[in-house]
Every structure is written in C-alpha cells, then in structure tokens.
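K.L.:
Okay, handing you the structure first.
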Amino acid sequence: MKDLWAYAYKVVPPQPPQRLGTIRTLLKDETAAAHDSARTWSGRLVLEPDATHILIVSDDARGRDHPINRDLEAELDRLDAAYSVTEPLAVAGHPEGVEWLAAYSGKGTGNGA
C-alpha cells in the first residue's frame, strides 16, 4: 500500500473560470511532472456556486510544504482571492498502482470533470 494524502483549498467567493487559467496550467504541469517521476499527485478544480475548490491527492505527506503549493498560493494571492487550506488527511484503502486518480482534463467544470 502506498500512503496517499488529500487536502483542499477553498476559495470564497468563487472565481470565474476565465480567471483560473494559470491555476489550471499549474495543476496540469504538476500532474505531468509527478507522472514522469513515478510520484502520485493529482489536482482538480471544482467550481461550485458558493466556492472554488482545488482538491489535491498526493503521496507526499508534507502537504503544503511543496513547490506546487507555493505556486498555487502565489497565484491565488495575485488574483487577490481569499482562501483556506485543509490539513492533509490520509486516504485509506487504495493499493499502490491503482489508477483511481483521474487525469487532469483542464475543463474545471462544476461536476469535478
């Protein structure tokens, strides 16, 4: 079993999709870099009426102590967006090598796709 950790950013008020291009690029690039180096990392934008969420699953228990998080937070600061971040929580019951993490599609739709 590979340890996986999940945490989320919550941005309130929600951000319009057209303002999130750089965040989409950061998520897509980090997903590709993780895949290339045999790490587990997946980030997803979820657009909802009351908030924008950035959901992250990783094999790195450091949570926000990672360059991608500094980049995401710098972009949120640049957008002057108020946000909060949960602490990483262990994801139980997912064996190493299982392809349950969806690839980032770059669509950022409200249904998580």
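Simple scheme: letters A, B, ... for chains in structure tokens order, numbers from 1 for residues in each chain, numbers from 1 for ligands in the order shown.
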Excluding stretch 66-80 of chain A and residues on its chain fewer than 6 positions from it, collect all residues at most 8 Å away from it, counting only C-alpha atoms, and give them as a list in words.
P.N.:
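The filter keeps Arg19, Thr22, Ile23, Leu26 and Glu30 of chain A.
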K.L.:
Create the file for the chosen residues now, containing C-alpha atoms and written as a compact mmCIF listing (two decimals), in the first residue's frame.
P.N.:
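Full text of out19.txt as output:
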# COMPACT_ATOMS: atom_id res chain seq x y z
CA ARG A 19 -9.58 33.79 -14.10
CA THR A 22 -2.84 29.83 -14.63
CA ILE A 23 -4.12 27.54 -11.87
CA LEU A 26 -0.10 24.64 -12.68
CA GLU A 30 2.40 19.17 -11.74
K.L.:
Please list as a PyMOL selection string every residue within 7 Å of A:Val12, counting only C-alpha atoms and excluding residues in the same chain fewer than 2 positions away.
P.N.:
chain A and resi 10+14+51-52+82-83
K.L.:
Counting only C-alpha atoms, figure out which residue out of A:Leu20, A:Leu45, A:Ala33, A:Ala6 gets nearest to A:Ala92.
P.N.:
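When distances to A:Ala92 are compared using only C-alpha atoms, the smallest one comes from A:Ala6.
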